[in-house]
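Q: Have a look at the structure that comes next, please.
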Amino acid sequence: MKGAHQWLQQTGCRFPMLVDHERRMYRALGFKRSVAQVWNISTVSFYAGQAAKGVALPRPMDDIEDDPHQMGGNCLVDESGRLMAIYQSSTPADRPSVEWLLNGIQVNDCASS
């Protein structure tokens with residue numbers, strides 16, 4: 001819980017955050033942990049490129065235990081709590097495009113109309 005609060009403060013994110021200590025929802029949504037996907041050649045190359053450019057790499061938060069092999073992802077949830085779309089990241093740097101997010105919103109808006 002402490003890490004979630006720290007992240008919200010650091011990013012200024014105003015959206016609600018689900019904290020799932022046992023990762024039940026994480027598994028139910030099909031998210032996984034993977035050493036191979038986290039530390040594949042494209043990930044190592046990405047971080048090496050960022051370091052070569054002088055970009056500060058993310059640092060662990062103080063006193064926070066996390067799982068560095070937990071694969072990320074994004075979910076779109078509407079105001080009533082209905083799951084609209086799931087994006088499962090294939091690498092640590094993989095995030096959905098703006099187009100994917102907007103399409104997920106538009107498709108579901110049309111379906112509920």
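Each chain in the structure tokens gets a letter, A, B, ..., in the order shown, and its residues are numbered from 1; ligands are numbered from 1 in order too.
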Got a sec: who's within 7 Å of Gln37 (chain A), counting only C-alpha atoms, leaving out chain neighbours fewer than 3 positions off, as an MDAnalysis selection string?
A: chainID A and resid 34 40 90:91
Q: Could you list, as a VMD selection string, every residue within 12 Å of Gly30 (chain A), counting only C-alpha atoms and ignoring same-chain residues fewer than 3 positions away?
A: chain A and resid 23 to 27 33 70 to 75 86 to 89
Q: DSSP on the backbone, then: every residue of region 9-113 of chain A marked strand (DSSP E), written as a list in words.
A: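 Put together, the selection reads Gly73, Asn74, Cys75, Leu76, Val77, Leu83, Met84, Ala85, Ile86, Tyr87 and Gln88 of chain A.
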Q: Taking N, CA, C and O atoms for each residue, export the selection above as a JSON list (two decimals), in the first residue's frame.
A:
```
[["chain", "number", "residue", "atom", "x", "y", "z"],
["A", 73, "GLY", "N", 0.75, -4.03, -17.40],
["A", 73, "GLY", "CA", -0.38, -3.97, -18.30],
["A", 73, "GLY", "C", -1.28, -2.82, -17.89],
["A", 73, "GLY", "O", -1.02, -2.13, -16.91],
["A", 74, "ASN", "N", -2.28, -2.61, -18.69],
["A", 74, "ASN", "CA", -3.22, -1.53, -18.43],
["A", 74, "ASN", "C", -4.63, -2.03, -18.66],
["A", 74, "ASN", "O", -4.87, -2.83, -19.55],
["A", 75, "CYS", "N", -5.54, -1.53, -17.84],
["A", 75, "CYS", "CA", -6.95, -1.87, -17.98],
["A", 75, "CYS", "C", -7.75, -0.58, -18.06],
["A", 75, "CYS", "O", -7.45, 0.38, -17.37],
["A", 76, "LEU", "N", -8.75, -0.59, -18.90],
["A", 76, "LEU", "CA", -9.71, 0.51, -18.96],
["A", 76, "LEU", "C", -10.95, 0.06, -18.19],
["A", 76, "LEU", "O", -11.52, -0.99, -18.49],
["A", 77, "VAL", "N", -11.34, 0.85, -17.21],
["A", 77, "VAL", "CA", -12.51, 0.55, -16.39],
["A", 77, "VAL", "C", -13.41, 1.78, -16.42],
["A", 77, "VAL", "O", -12.94, 2.90, -16.22],
["A", 83, "LEU", "N", -15.15, -3.54, -16.67],
["A", 83, "LEU", "CA", -13.89, -3.69, -17.39],
["A", 83, "LEU", "C", -14.15, -3.49, -18.88],
["A", 83, "LEU", "O", -14.95, -4.20, -19.48],
["A", 84, "MET", "N", -13.48, -2.51, -19.46],
["A", 84, "MET", "CA", -13.70, -2.18, -20.87],
["A", 84, "MET", "C", -12.66, -2.79, -21.79],
["A", 84, "MET", "O", -12.97, -3.18, -22.91],
["A", 85, "ALA", "N", -11.40, -2.86, -21.35],
["A", 85, "ALA", "CA", -10.33, -3.39, -22.20],
["A", 85, "ALA", "C", -9.13, -3.76, -21.33],
["A", 85, "ALA", "O", -8.93, -3.17, -20.28],
["A", 86, "ILE", "N", -8.37, -4.74, -21.80],
["A", 86, "ILE", "CA", -7.15, -5.18, -21.11],
["A", 86, "ILE", "C", -6.00, -5.16, -22.10],
["A", 86, "ILE", "O", -6.13, -5.66, -23.22],
["A", 87, "TYR", "N", -4.88, -4.59, -21.69],
["A", 87, "TYR", "CA", -3.66, -4.59, -22.48],
["A", 87, "TYR", "C", -2.57, -5.26, -21.66],
["A", 87, "TYR", "O", -2.22, -4.78, -20.58],
["A", 88, "GLN", "N", -2.05, -6.38, -22.13],
["A", 88, "GLN", "CA", -0.99, -7.09, -21.43],
["A", 88, "GLN", "C", 0.35, -6.74, -22.07],
["A", 88, "GLN", "O", 0.57, -7.00, -23.25]]
```
Q: If you measure from CA of Gln10 (chain A) to CA of Ser80 (chain A), what distance in Å do you get, rounded to one decimal?
A: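 About the pair CA of Gln10 (chain A) and CA of Ser80 (chain A): they are 27.0 Å apart.
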Q: Pick the closest to Gly3 (chain A) from A:Asp67, A:Ala28, A:Ala56, A:Ala48: which is it, counting only C-alpha atoms?
A: A:Asp67
